[in-house]
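Colleague: Enclosed is the structure file entry_0.cif (mmCIF, C-alpha atoms and all ligand atoms).
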```cif
data_upload
loop_
_atom_site.label_atom_id
_atom_site.label_comp_id
_atom_site.auth_asym_id
_atom_site.auth_seq_id
_atom_site.Cartn_x
_atom_site.Cartn_y
_atom_site.Cartn_z
CA MET L 1 -10.83 -12.72 13.94
CA PRO L 2 -10.67 -10.55 10.82
CA ASP L 3 -12.66 -11.80 7.83
CA ALA L 4 -13.99 -10.80 4.40
CA SER L 5 -16.13 -8.07 5.98
CA ALA L 6 -12.95 -5.98 6.34
CA PHE L 7 -13.16 -5.32 2.57
CA SER L 8 -14.96 -2.19 1.43
CA PRO L 9 -17.09 -2.05 -1.73
CA ASP L 10 -15.75 1.30 -2.94
CA TYR L 11 -13.11 3.91 -2.24
CA ILE L 12 -15.35 6.24 -0.22
CA ALA L 13 -16.39 3.44 2.12
CA ALA L 14 -12.78 2.28 2.46
CA ARG L 15 -11.53 5.75 3.37
CA ALA L 16 -14.39 6.37 5.82
CA ARG L 17 -13.63 3.09 7.52
CA PHE L 18 -9.92 3.85 7.70
CA ARG L 19 -10.56 7.26 9.24
CA ALA L 20 -13.10 5.93 11.72
CA GLY L 21 -10.74 3.14 12.77
CA ALA L 22 -7.87 5.59 13.22
CA LEU L 23 -9.96 8.06 15.21
CA ALA L 24 -11.31 5.32 17.46
CA ARG L 25 -7.71 4.47 18.32
CA ARG L 26 -6.94 8.16 18.93
CA ALA L 27 -4.42 8.15 16.11
CA HIS L 28 -3.08 11.37 14.70
CA LEU L 29 -4.98 11.59 11.39
CA GLU L 30 -4.28 13.69 8.30
CA HIS L 31 -6.24 14.08 5.09
CA HIS L 32 -4.43 15.23 1.95
CA PRO L 33 -6.76 15.89 -1.01
CA LEU L 34 -5.46 15.27 -4.52
CA ASP L 35 -6.57 17.19 -7.57
CA ALA L 36 -8.70 14.41 -9.10
CA LEU L 37 -12.26 13.11 -8.68
CA GLY L 38 -13.87 9.69 -8.33
CA PRO L 39 -16.60 8.25 -10.59
CA ASP L 40 -19.39 9.96 -8.62
CA GLY L 41 -17.56 13.27 -8.41
CA GLU L 42 -16.23 12.46 -4.95
CA ASP L 43 -13.00 14.05 -3.74
CA LEU L 44 -9.95 11.84 -3.46
CA SER L 45 -7.22 11.93 -0.88
CA ILE L 46 -4.24 10.23 0.62
CA ASP L 47 -4.83 9.72 4.33
CA TYR L 48 -2.17 9.35 6.97
CA ALA L 49 -2.57 7.96 10.49
CA ARG L 50 0.01 7.59 13.23
CA ILE L 51 -0.35 5.72 16.49
CA GLY L 52 2.48 6.80 18.73
CA SER L 53 4.72 9.75 19.24
CA SER L 54 5.56 12.19 16.42
CA ASP L 55 9.24 11.96 17.34
CA ALA L 56 9.38 8.16 17.47
CA SER L 57 12.72 6.70 16.47
CA ARG L 58 11.37 3.28 15.46
CA ILE L 59 8.49 3.10 13.01
CA VAL L 60 6.47 0.36 11.37
CA LEU L 61 4.94 1.81 8.20
CA VAL L 62 2.08 0.10 6.37
CA THR L 63 1.00 1.52 3.00
CA SER L 64 -1.91 0.55 0.75
CA GLY L 65 -3.23 1.25 -2.73
CA LEU L 66 -0.07 2.14 -4.65
CA HIS L 67 -1.71 0.09 -7.42
CA GLY L 68 -5.21 1.53 -7.13
CA ILE L 69 -7.58 -1.42 -7.21
CA GLU L 70 -5.12 -3.58 -5.26
CA GLY L 71 -5.77 -1.14 -2.40
CA TYR L 72 -9.01 -2.88 -1.43
CA PHE L 73 -6.88 -5.62 0.08
CA GLY L 74 -4.43 -3.21 1.72
CA SER L 75 -7.24 -1.06 3.05
CA ALA L 76 -8.97 -4.14 4.48
CA VAL L 77 -5.79 -5.09 6.34
CA GLN L 78 -5.38 -1.56 7.68
CA ALA L 79 -9.03 -1.50 8.81
CA ALA L 80 -8.80 -4.91 10.46
CA VAL L 81 -5.62 -3.94 12.31
CA LEU L 82 -7.12 -0.67 13.53
CA GLU L 83 -10.50 -2.09 14.44
CA GLU L 84 -9.57 -5.29 16.18
CA ALA L 85 -6.14 -6.84 15.77
CA LEU L 86 -4.27 -4.29 17.89
CA GLY L 87 -6.43 -5.03 20.89
CA ASP L 88 -5.40 -2.57 23.58
CA TRP L 89 -1.85 -2.28 22.26
CA VAL L 90 -0.04 0.97 22.83
CA PRO L 91 3.33 1.57 21.22
CA PRO L 92 6.49 1.77 23.33
CA GLU L 93 7.58 5.32 24.07
CA ASP L 94 9.99 5.78 21.17
CA ALA L 95 7.95 3.85 18.61
CA ALA L 96 5.03 4.44 16.25
CA LEU L 97 2.80 2.56 13.85
CA VAL L 98 2.13 4.64 10.73
CA PHE L 99 -0.46 3.95 8.03
CA ILE L 100 -0.77 5.62 4.66
CA HIS L 101 -4.10 4.83 3.04
CA ALA L 102 -4.66 4.75 -0.75
CA LEU L 103 -1.45 6.01 -2.32
CA ASN L 104 -3.29 5.96 -5.65
CA PRO L 105 -6.83 6.96 -4.65
CA TRP L 106 -7.94 7.62 -8.25
CA GLY L 107 -7.05 4.06 -9.26
CA MET L 108 -8.80 2.71 -6.19
CA ALA L 109 -11.95 4.78 -6.81
CA TRP L 110 -12.07 3.95 -10.54
CA LYS L 111 -10.91 0.39 -9.95
CA ARG L 112 -7.88 0.64 -12.19
CA ARG L 113 -4.33 -0.36 -11.30
CA VAL L 114 -2.89 2.91 -12.62
CA ASN L 115 -3.55 6.54 -11.75
CA GLU L 116 -5.48 9.26 -13.63
CA ASP L 117 -2.60 9.61 -16.12
CA ASN L 118 -2.37 5.87 -16.84
CA VAL L 119 0.77 5.79 -14.69
CA ASP L 120 1.85 2.65 -12.87
CA LEU L 121 2.97 4.31 -9.64
CA ASN L 122 5.42 1.56 -8.83
CA ARG L 123 7.37 2.63 -11.95
CA ASN L 124 7.02 6.36 -11.27
CA PHE L 125 9.44 6.81 -8.37
CA LEU L 126 12.57 7.47 -10.38
CA LEU L 127 15.68 8.51 -8.54
CA PRO L 128 16.98 12.05 -9.18
CA ASP L 129 19.44 11.11 -11.93
CA GLU L 130 17.20 8.76 -13.93
CA PRO L 131 15.68 9.85 -17.27
CA TRP L 132 11.90 9.93 -17.85
CA ARG L 133 12.40 8.13 -21.15
CA GLY L 134 12.99 4.64 -22.35
CA LEU L 135 11.60 1.26 -23.25
CA PRO L 136 13.08 -1.95 -21.89
CA GLU L 137 14.90 -4.09 -24.39
CA GLY L 138 12.44 -6.13 -26.41
CA TYR L 139 9.44 -3.95 -25.52
CA ALA L 140 9.03 -2.51 -29.01
CA GLU L 141 8.52 -6.02 -30.31
CA LEU L 142 5.75 -6.61 -27.77
CA ASP L 143 4.08 -3.25 -28.27
CA ARG L 144 1.56 -4.37 -30.90
CA LEU L 145 0.81 -7.55 -29.04
CA LEU L 146 0.20 -5.80 -25.72
CA HIS L 147 -1.62 -2.75 -27.09
CA PRO L 148 -4.11 -3.47 -29.85
CA ARG L 149 -5.60 -0.22 -31.19
CA THR L 150 -9.06 -1.74 -31.53
CA PRO L 151 -12.02 -1.89 -29.15
CA PRO L 152 -12.44 -5.05 -27.08
CA GLY L 153 -14.58 -7.72 -28.68
CA THR L 154 -12.87 -7.65 -32.06
CA PHE L 155 -10.95 -10.77 -33.12
CA ASP L 156 -7.88 -11.02 -30.91
CA PRO L 157 -5.87 -14.22 -30.63
CA PHE L 158 -3.70 -12.79 -27.84
CA LEU L 159 -3.03 -15.92 -25.87
CA PRO L 160 -1.67 -18.11 -28.71
CA LYS L 161 0.53 -15.25 -29.91
CA ALA L 162 1.76 -14.50 -26.40
CA LEU L 163 2.51 -18.13 -25.71
CA TRP L 164 4.34 -18.49 -29.00
CA LEU L 165 6.40 -15.41 -28.33
CA GLY L 166 7.08 -16.46 -24.77
CA LEU L 167 8.20 -19.94 -25.81
CA ARG L 168 10.27 -18.66 -28.68
CA ARG L 169 12.14 -16.20 -26.51
CA GLY L 170 12.69 -18.28 -23.44
CA GLY L 171 9.49 -18.36 -21.45
CA THR L 172 9.63 -15.33 -19.23
CA LEU L 173 10.50 -12.68 -21.80
CA LEU L 174 6.96 -11.47 -22.11
CA ARG L 175 6.45 -10.96 -18.42
CA ALA L 176 9.92 -9.71 -17.68
CA THR L 177 10.05 -7.21 -20.49
CA ALA L 178 6.54 -5.94 -20.06
CA ALA L 179 6.63 -5.55 -16.30
CA ALA L 180 10.00 -3.79 -16.24
CA GLY L 181 8.24 -0.49 -16.93
CA GLN L 182 8.41 1.97 -19.81
CA TYR L 183 8.37 5.75 -20.23
CA ASP L 184 7.55 6.21 -23.95
CA ARG L 185 4.03 4.74 -24.40
CA PRO L 186 1.61 6.84 -22.31
CA ARG L 187 -1.34 4.59 -23.12
CA GLY L 188 0.61 1.39 -22.67
CA LEU L 189 0.93 -1.07 -19.82
CA PHE L 190 3.48 -0.40 -17.05
CA PHE L 191 3.88 3.24 -18.11
CA GLY L 192 6.00 5.03 -15.49
CA GLY L 193 4.98 8.59 -16.44
CA ASN L 194 6.92 11.55 -17.73
CA GLY L 195 7.40 13.26 -14.39
CA PRO L 196 6.71 12.79 -10.67
CA SER L 197 3.06 11.86 -10.04
CA PRO L 198 0.90 13.89 -7.62
CA THR L 199 1.39 11.02 -5.13
CA SER L 200 5.16 11.31 -5.38
CA VAL L 201 5.03 15.11 -5.06
CA LEU L 202 2.84 14.89 -1.96
CA LEU L 203 5.07 12.29 -0.32
CA ARG L 204 8.14 14.36 -1.03
CA GLU L 205 6.51 17.35 0.68
CA GLN L 206 5.41 15.38 3.74
CA LEU L 207 8.20 12.87 4.34
CA ARG L 208 10.27 15.01 6.65
CA ARG L 209 7.29 15.92 8.80
CA TRP L 210 5.73 12.45 8.77
CA PHE L 211 8.90 10.64 9.70
CA GLY L 212 10.55 13.36 11.76
CA PRO L 213 13.58 12.09 13.64
CA ALA L 214 12.92 8.40 12.93
CA ARG L 215 16.06 6.28 12.78
CA ASP L 216 14.73 2.85 11.95
CA VAL L 217 11.78 2.20 9.63
CA LEU L 218 10.26 -1.15 8.68
CA HIS L 219 7.86 -0.72 5.77
CA LEU L 220 5.22 -3.10 4.40
CA ASP L 221 3.73 -2.02 1.07
CA LEU L 222 0.57 -4.09 0.51
CA HIS L 223 -0.27 -5.47 -2.96
CA THR L 224 -2.12 -8.28 -4.71
CA GLY L 225 -1.49 -10.38 -7.81
CA VAL L 226 1.87 -12.09 -7.35
CA GLY L 227 2.28 -15.66 -6.11
CA ALA L 228 -0.01 -18.59 -5.39
CA ARG L 229 -3.65 -17.85 -4.66
CA GLY L 230 -4.22 -16.64 -1.12
CA ARG L 231 -0.54 -17.01 -0.21
CA LEU L 232 1.65 -14.22 1.11
CA LEU L 233 5.01 -13.36 -0.43
CA LEU L 234 7.49 -10.72 0.66
CA LEU L 235 9.52 -9.28 -2.20
CA THR L 236 12.84 -7.97 -0.96
CA ARG L 237 15.61 -5.87 -2.48
CA HIS L 238 18.30 -8.18 -1.16
CA ALA L 239 20.20 -10.82 -3.08
CA PRO L 240 19.94 -14.37 -1.68
CA ASP L 241 23.31 -14.16 0.12
CA ASP L 242 22.88 -10.72 1.67
CA PRO L 243 23.02 -10.71 5.50
CA GLU L 244 19.67 -8.88 5.61
CA MET L 245 18.02 -12.02 4.24
CA ASN L 246 18.92 -13.96 7.38
CA GLN L 247 17.44 -11.30 9.57
CA LEU L 248 14.26 -11.17 7.49
CA ALA L 249 14.05 -14.96 7.52
CA ALA L 250 14.27 -14.97 11.30
CA SER L 251 11.53 -12.34 11.47
CA PHE L 252 9.08 -13.56 8.85
CA GLY L 253 10.11 -17.07 7.75
CA ARG L 254 12.39 -17.83 4.84
CA ASP L 255 9.67 -19.45 2.75
CA LEU L 256 7.84 -16.13 2.41
CA LEU L 257 10.85 -14.23 1.12
CA VAL L 258 11.55 -13.59 -2.53
CA PRO L 259 15.10 -12.31 -2.99
CA TRP L 260 16.15 -9.86 -5.65
CA LEU L 261 17.94 -11.65 -8.48
CA PRO L 262 20.81 -9.82 -10.17
CA ASP L 263 19.94 -11.38 -13.55
CA GLY L 264 16.20 -10.65 -13.25
CA PRO L 265 14.41 -7.86 -15.13
CA LYS L 266 15.68 -4.36 -14.45
CA VAL L 267 12.75 -2.45 -13.00
CA ARG L 268 12.99 1.32 -12.60
CA GLY L 269 10.85 3.72 -10.63
CA GLU L 270 9.92 1.50 -7.70
CA PHE L 271 8.54 3.07 -4.54
CA ILE L 272 10.75 1.31 -2.00
CA PRO L 273 14.19 2.31 -3.36
CA TRP L 274 12.86 5.88 -3.74
CA LEU L 275 11.73 5.97 -0.11
CA ASP L 276 15.07 4.56 0.94
CA HIS L 277 16.77 7.37 -0.96
CA HIS L 278 14.61 10.20 0.39
CA LEU L 279 13.96 9.07 3.96
CA ASP L 280 16.67 10.45 6.14
CA VAL L 281 17.03 7.45 8.47
CA GLU L 282 19.78 5.12 9.60
CA ARG L 283 18.01 1.95 8.60
CA TYR L 284 15.11 1.42 6.25
CA GLU L 285 13.79 -2.01 5.32
CA GLY L 286 11.03 -2.03 2.71
CA LEU L 287 9.08 -5.13 1.70
CA VAL L 288 6.46 -5.50 -1.01
CA ALA L 289 3.86 -7.78 0.56
CA GLU L 290 1.91 -9.60 -2.15
CA VAL L 291 -1.08 -11.90 -1.81
CA GLY L 292 -1.55 -14.10 -4.88
CA THR L 293 -4.72 -14.32 -6.92
CA VAL L 294 -4.23 -15.94 -10.34
CA GLY L 295 -1.23 -17.02 -12.41
CA PRO L 296 0.93 -14.54 -14.35
CA VAL L 297 -0.53 -15.30 -17.79
CA ARG L 298 -4.10 -14.71 -16.63
CA LEU L 299 -2.96 -11.59 -14.82
CA LEU L 300 -1.23 -10.12 -17.85
CA THR L 301 -4.17 -11.08 -20.08
CA ALA L 302 -6.57 -9.24 -17.77
CA LEU L 303 -4.33 -6.17 -17.48
CA ARG L 304 -3.98 -5.98 -21.23
CA ALA L 305 -7.74 -6.37 -21.85
CA GLU L 306 -8.62 -3.68 -19.32
CA ASN L 307 -6.05 -1.26 -20.71
CA ARG L 308 -7.37 -1.83 -24.21
CA ALA L 309 -10.99 -1.36 -23.11
CA HIS L 310 -10.09 1.81 -21.21
CA HIS L 311 -8.35 3.46 -24.16
CA HIS L 312 -10.27 2.06 -27.13
CA GLY L 313 -13.62 0.76 -25.85
CA GLU L 314 -16.95 2.55 -25.43
CA PRO L 315 -17.27 3.36 -21.72
CA GLU L 316 -20.70 1.72 -21.40
CA ALA L 317 -20.19 -1.20 -23.79
CA PRO L 318 -20.62 -4.73 -22.34
CA ALA L 319 -17.13 -5.69 -23.56
CA THR L 320 -15.63 -2.74 -21.65
CA GLU L 321 -17.56 -3.68 -18.54
CA ALA L 322 -16.42 -7.29 -18.91
CA ALA L 323 -12.78 -6.19 -19.10
CA ARG L 324 -13.20 -4.13 -15.92
CA GLU L 325 -14.77 -7.03 -14.10
CA ARG L 326 -11.99 -9.29 -15.22
CA LEU L 327 -9.41 -6.93 -13.76
CA ALA L 328 -11.29 -6.99 -10.46
CA THR L 329 -11.27 -10.80 -10.40
CA VAL L 330 -7.46 -10.85 -10.69
CA LEU L 331 -6.59 -7.93 -8.35
CA ASN L 332 -9.55 -7.58 -5.98
CA PRO L 333 -11.37 -10.94 -5.98
CA MET L 334 -14.87 -11.05 -4.51
CA ASP L 335 -14.38 -14.69 -3.50
CA PRO L 336 -15.06 -14.68 0.28
CA ARG L 337 -12.57 -17.46 0.96
CA TRP L 338 -9.77 -15.51 -0.74
CA ARG L 339 -10.80 -12.36 1.10
CA LYS L 340 -10.89 -14.01 4.48
CA ARG L 341 -7.54 -15.69 3.98
CA SER L 342 -5.82 -12.64 2.51
CA VAL L 343 -6.92 -10.27 5.27
CA LEU L 344 -5.86 -12.83 7.86
CA VAL L 345 -2.35 -13.25 6.44
CA GLY L 346 -2.07 -9.47 6.04
CA VAL L 347 -3.06 -8.80 9.64
CA ARG L 348 -0.68 -11.48 10.94
CA LEU L 349 2.11 -9.90 8.91
CA VAL L 350 1.52 -6.48 10.47
CA GLN L 351 1.38 -8.03 13.95
CA ARG L 352 4.64 -9.83 13.32
CA ALA L 353 6.26 -6.62 12.07
CA LEU L 354 5.19 -4.85 15.27
CA GLU L 355 6.56 -7.68 17.36
CA VAL L 356 9.96 -7.90 15.70
CA HIS L 357 10.46 -4.18 15.14
CA LEU L 358 8.82 -2.47 18.08
CA GLY L 359 9.15 -5.18 20.73
CA ALA L 360 6.41 -7.03 22.55
CA VAL L 361 2.93 -6.24 21.33
CA ARG L 362 1.31 -5.69 24.68
CA GLY L 363 -2.37 -6.51 24.67
CA ALA L 364 -2.54 -7.52 21.02
CA ARG L 365 -4.48 -10.68 20.32
CA ALA L 366 -1.90 -13.07 18.98
CA SER L 367 -4.64 -15.28 17.63
CA ALA L 368 -6.16 -12.61 15.37
ZN ZN O 401 0.85 -4.08 -7.05
#
```
What is this structure when it is put down as structure tokens?

Modeller:
Amino acid sequence: MPDASAFSPDYIAARARFRAGALARRAHLEHHPLDALGPDGEDLSIDYARIGSSDASRIVLVTSGLHGIEGYFGSAVQAAVLEEALGDWVPPEDAALVFIHALNPWGMAWKRRVNEDNVDLNRNFLLPDEPWRGLPEGYAELDRLLHPRTPPGTFDPFLPKALWLGLRRGGTLLRATAAAGQYDRPRGLFFGGNGPSPTSVLLREQLRRWFGPARDVLHLDLHTGVGARGRLLLLTRHAPDDPEMNQLAASFGRDLLVPWLPDGPKVRGEFIPWLDHHLDVERYEGLVAEVGTVGPVRLLTALRAENRAHHHGEPEAPATEAARERLATVLNPMDPRWRKRSVLVGVRLVQRALEVHLGAVRGARASA
């Protein structure tokens, strides 16, 4: 039974565990260094593991760490699947299970959500015709509120102001506008970058080789921070009435699914639509798998405080350290009960994906 011990304390330990787990299962393993270093000068990489044939036509893909620090959860799920949950499972002949570990290794190593250029990678995957410019409507108004130019610790009545603004403009404006992503404030929250990130460049170079002649890909991109504490949600790109929703409901349960809403915030640069565009396959289904931690106001408050401390605080100051710790409590909680539950629901999700997409999971422990 996977538990909190699947979590690693730092990036190096997480990567070592991922590699060891993959090698023990005789996976095909690749190591792709990025041009950035961790806090102790360690090299950083995106690691790829495949169990099954390189010309598999059906693939289950599980990715972690697109949002840096959230990758401790994703990495724990990948480790637990490799180390124990697969049992003696071997994929059917034309199928493969593929893991990509730490899509944003810098953010994971430095325990930030963004990469070395302050880029939110899930806003960085613009499609070929989209401009690397722009602020969502209403963002300019929020700019001063979200991005104080002072070090942490100075007087800062953020919450009352945020609540007032949120109430005045219809409740969800703050969240919706802020999280939609922006391309004009490089030190701001939800900055999508001004060009493809090193992660995006690497993926673009490897996609054809990694996915070869695959025809049918089911992708789980593991995250934390959305939804009720310890509960799993699957964010889809389908509207409530789309036929795909019925299929997903049959596979994973309708109560886990969050449909795309046509009148919701317009988010650009997301990873899943980009993969869908660039993967040359007949069918691609991508799901953002989220395990909840805290409510949206606490989450946004913590993101804002950490961004402020990173850009305006003294690196060693107690207030900077406090902001970092606060980010960890909302995206990578230490709480053993949360960890145990989250890794369990993550592992069950991967097992279910293998079952529905690749057929019977021979030898896997259904109880894990
Ligand atoms: Zn995330």

Colleague: Quick one: everything within 10 Å of Gln78 in chain L, counting only C-alpha atoms, minus sequence neighbours fewer than 6 positions away in the same chain. Send it as number ranges by chain.

Modeller: L: 6, 14, 17-18, 21-22, 62-64, 72, 85, 99-101, 222, 343, 346-347, 350

Colleague: Between L:Asp263, L:Asp94, L:Asp55, L:Glu290, single out the one closest to ligand ZN 401 (chain O), counting all atoms listed in the file.

Modeller: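 Closest residue, counting all atoms listed in the file: L:Glu290.
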
Colleague: For the point (5.3, 5.6, 18.8) in file coordinates, what residues are within 9 Å, counting all atoms listed in the file? Give the answer as a PyMOL selection string?

Modeller: chain L and resi 50-59+90-98+358

Colleague: Can I get the selected residues back with C-alpha atoms, as an mmCIF file, in the coordinates of the input?

Modeller:
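As a result, selection15.cif now contains:
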```
data_model
loop_
_atom_site.group_PDB
_atom_site.id
_atom_site.type_symbol
_atom_site.label_atom_id
_atom_site.label_comp_id
_atom_site.auth_asym_id
_atom_site.auth_seq_id
_atom_site.Cartn_x
_atom_site.Cartn_y
_atom_site.Cartn_z
ATOM 1 C CA ARG L 50 0.010 7.590 13.230
ATOM 2 C CA ILE L 51 -0.350 5.720 16.490
ATOM 3 C CA GLY L 52 2.480 6.800 18.730
ATOM 4 C CA SER L 53 4.720 9.750 19.240
ATOM 5 C CA SER L 54 5.560 12.190 16.420
ATOM 6 C CA ASP L 55 9.240 11.960 17.340
ATOM 7 C CA ALA L 56 9.380 8.160 17.470
ATOM 8 C CA SER L 57 12.720 6.700 16.470
ATOM 9 C CA ARG L 58 11.370 3.280 15.460
ATOM 10 C CA ILE L 59 8.490 3.100 13.010
ATOM 11 C CA VAL L 90 -0.040 0.970 22.830
ATOM 12 C CA PRO L 91 3.330 1.570 21.220
ATOM 13 C CA PRO L 92 6.490 1.770 23.330
ATOM 14 C CA GLU L 93 7.580 5.320 24.070
ATOM 15 C CA ASP L 94 9.990 5.780 21.170
ATOM 16 C CA ALA L 95 7.950 3.850 18.610
ATOM 17 C CA ALA L 96 5.030 4.440 16.250
ATOM 18 C CA LEU L 97 2.800 2.560 13.850
ATOM 19 C CA VAL L 98 2.130 4.640 10.730
ATOM 20 C CA LEU L 358 8.820 -2.470 18.080
#
```

Colleague: Which residues form the shell of 10 Å around ligand ZN 401 (chain O) when you count all atoms listed in the file, given as a ChimeraX atom specification?

Modeller: /L:64-71,113-114,120-122,221-226,288-291,331

Colleague: Using only C-alpha atoms, which residues sit within 12 Å of Arg133 in chain L once same-chain residues fewer than 4 positions away are excluded, as a PDB file with C-alpha atoms, keeping the file's coordinate frame?

Modeller:
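The result, written out as part-v5.pdb:
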```
ATOM      1  CA  ARG L 123       7.370   2.630 -11.950  1.00  0.00           C
ATOM      2  CA  ASN L 124       7.020   6.360 -11.270  1.00  0.00           C
ATOM      3  CA  LEU L 126      12.570   7.470 -10.380  1.00  0.00           C
ATOM      4  CA  ASP L 129      19.440  11.110 -11.930  1.00  0.00           C
ATOM      5  CA  GLY L 181       8.240  -0.490 -16.930  1.00  0.00           C
ATOM      6  CA  GLN L 182       8.410   1.970 -19.810  1.00  0.00           C
ATOM      7  CA  TYR L 183       8.370   5.750 -20.230  1.00  0.00           C
ATOM      8  CA  ASP L 184       7.550   6.210 -23.950  1.00  0.00           C
ATOM      9  CA  ARG L 185       4.030   4.740 -24.400  1.00  0.00           C
ATOM     10  CA  PRO L 186       1.610   6.840 -22.310  1.00  0.00           C
ATOM     11  CA  PHE L 191       3.880   3.240 -18.110  1.00  0.00           C
ATOM     12  CA  GLY L 192       6.000   5.030 -15.490  1.00  0.00           C
ATOM     13  CA  GLY L 193       4.980   8.590 -16.440  1.00  0.00           C
ATOM     14  CA  ASN L 194       6.920  11.550 -17.730  1.00  0.00           C
ATOM     15  CA  GLY L 195       7.400  13.260 -14.390  1.00  0.00           C
ATOM     16  CA  ARG L 268      12.990   1.320 -12.600  1.00  0.00           C
ATOM     17  CA  GLY L 269      10.850   3.720 -10.630  1.00  0.00           C
TER      18      GLY L 269
END
```

Colleague: Got a sec to check which residues sit within 12 Å of (10.8, -13.8, 6.4), counting only C-alpha atoms, and write them as a list in words?

Modeller: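 Residues lying no farther than 12 Å from the given point: Leu232, Leu233, Leu234, Leu235, Thr236, Glu244, Met245, Asn246, Gln247, Leu248, Ala249, Ala250, Ser251, Phe252, Gly253, Arg254, Asp255, Leu256, Leu257, Val258, Pro259, Leu287, Val288, Ala289, Leu349, Arg352, Ala353 and Val356 of chain L.
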
Colleague: Using CA of Pro336 in chain L and CA of Ala4 in chain L as the two end points, give the distance in Å to one decimal.

Modeller: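 Distance reported for this atom pair: 5.8 Å.
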
Colleague: At what distance in Å, to one decimal, does CA of Pro243 in chain L lie from CA of Trp260 in chain L?

Modeller: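 CA of Pro243 in chain L lies at a distance of 13.1 Å from CA of Trp260 in chain L.
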
Colleague: Distance CA of Trp274 in chain L-CA of Arg204 in chain L, one decimal place?

Modeller: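 CA of Trp274 in chain L sits 10.1 Å away from CA of Arg204 in chain L.
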
Colleague: List every residue of range 264-335 of chain L that has an atom at most 9 Å from any atom of range 149-153 of chain L, giving for each one its closest atom pair and the distance in Å to one decimal, counting only C-alpha atoms, sorted by chain and then by ascending residue number, as a Markdown table.

Modeller:
```
| residue | atom | partner | partner_atom | distance |
| --- | --- | --- | --- | --- |
| L:Ala305 | CA | L:Pro152 | CA | 7.2 |
| L:Glu306 | CA | L:Pro152 | CA | 8.8 |
| L:Arg308 | CA | L:Pro152 | CA | 6.7 |
| L:Ala309 | CA | L:Pro152 | CA | 5.6 |
| L:His310 | CA | L:Pro151 | CA | 9.0 |
| L:His311 | CA | L:Pro151 | CA | 8.2 |
| L:His312 | CA | L:Pro151 | CA | 4.8 |
| L:Gly313 | CA | L:Pro151 | CA | 4.5 |
| L:Glu314 | CA | L:Pro151 | CA | 7.6 |
| L:Ala319 | CA | L:Pro152 | CA | 5.9 |
| L:Thr320 | CA | L:Pro152 | CA | 6.7 |
| L:Ala323 | CA | L:Pro152 | CA | 8.1 |
```

Colleague: Take the residues that were just selected and, keeping C-alpha atoms, output them as a PDB file, in the coordinates of the input.

Modeller:
```
ATOM      1  CA  ALA L 305      -7.740  -6.370 -21.850  1.00  0.00           C
ATOM      2  CA  GLU L 306      -8.620  -3.680 -19.320  1.00  0.00           C
ATOM      3  CA  ARG L 308      -7.370  -1.830 -24.210  1.00  0.00           C
ATOM      4  CA  ALA L 309     -10.990  -1.360 -23.110  1.00  0.00           C
ATOM      5  CA  HIS L 310     -10.090   1.810 -21.210  1.00  0.00           C
ATOM      6  CA  HIS L 311      -8.350   3.460 -24.160  1.00  0.00           C
ATOM      7  CA  HIS L 312     -10.270   2.060 -27.130  1.00  0.00           C
ATOM      8  CA  GLY L 313     -13.620   0.760 -25.850  1.00  0.00           C
ATOM      9  CA  GLU L 314     -16.950   2.550 -25.430  1.00  0.00           C
ATOM     10  CA  ALA L 319     -17.130  -5.690 -23.560  1.00  0.00           C
ATOM     11  CA  THR L 320     -15.630  -2.740 -21.650  1.00  0.00           C
ATOM     12  CA  ALA L 323     -12.780  -6.190 -19.100  1.00  0.00           C
TER      13      ALA L 323
END
```

Colleague: Which of these, L:Ala109, L:Leu275, L:Leu145, L:Val60, has the shortest distance to Asp40 in chain L once you count all atoms listed in the file?

Modeller: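 The shortest atom-to-atom distance to Asp40 in chain L comes from L:Ala109.
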
Colleague: From the options L:Leu29, L:Leu207, L:Ala36, L:Ala228, which residue's atoms come nearest to Asp280 in chain L, counting only C-alpha atoms?

Modeller: L:Leu207

Colleague: L:Gly359, L:Pro33, L:Gly295, L:Gly107: which is nearest Asp10 in chain L, counting all atoms listed in the file?

Modeller: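 That would be L:Gly107, the residue with the smallest distance to Asp10 in chain L.
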
Colleague: Of the residues L:Ile46, L:Ala302, L:Ala76, L:Ala179, which is the one nearest to Leu202 in chain L, using only C-alpha atoms?

Modeller: L:Ile46

Colleague: Can you tell me, as a PyMOL selection string, what residues are no more than 10 Å from Ile12 in chain L when counting only C-alpha atoms, ignoring any on the same chain fewer than 4 positions away?

Modeller: chain L and resi 8+16-18+38+42-45+105+108-109

Colleague: Counting all atoms listed in the file, which of L:Pro262, L:Gly230, L:Gly41, L:Pro2 gets nearest to Glu84 in chain L?

Modeller: L:Pro2

Colleague: Within 9 Å of Trp338 in chain L, counting all atoms listed in the file, which residues qualify if same-chain residues fewer than 3 places away don't, as a ChimeraX atom specification?

Modeller: /L:4,229-230,293,333-335,341-343
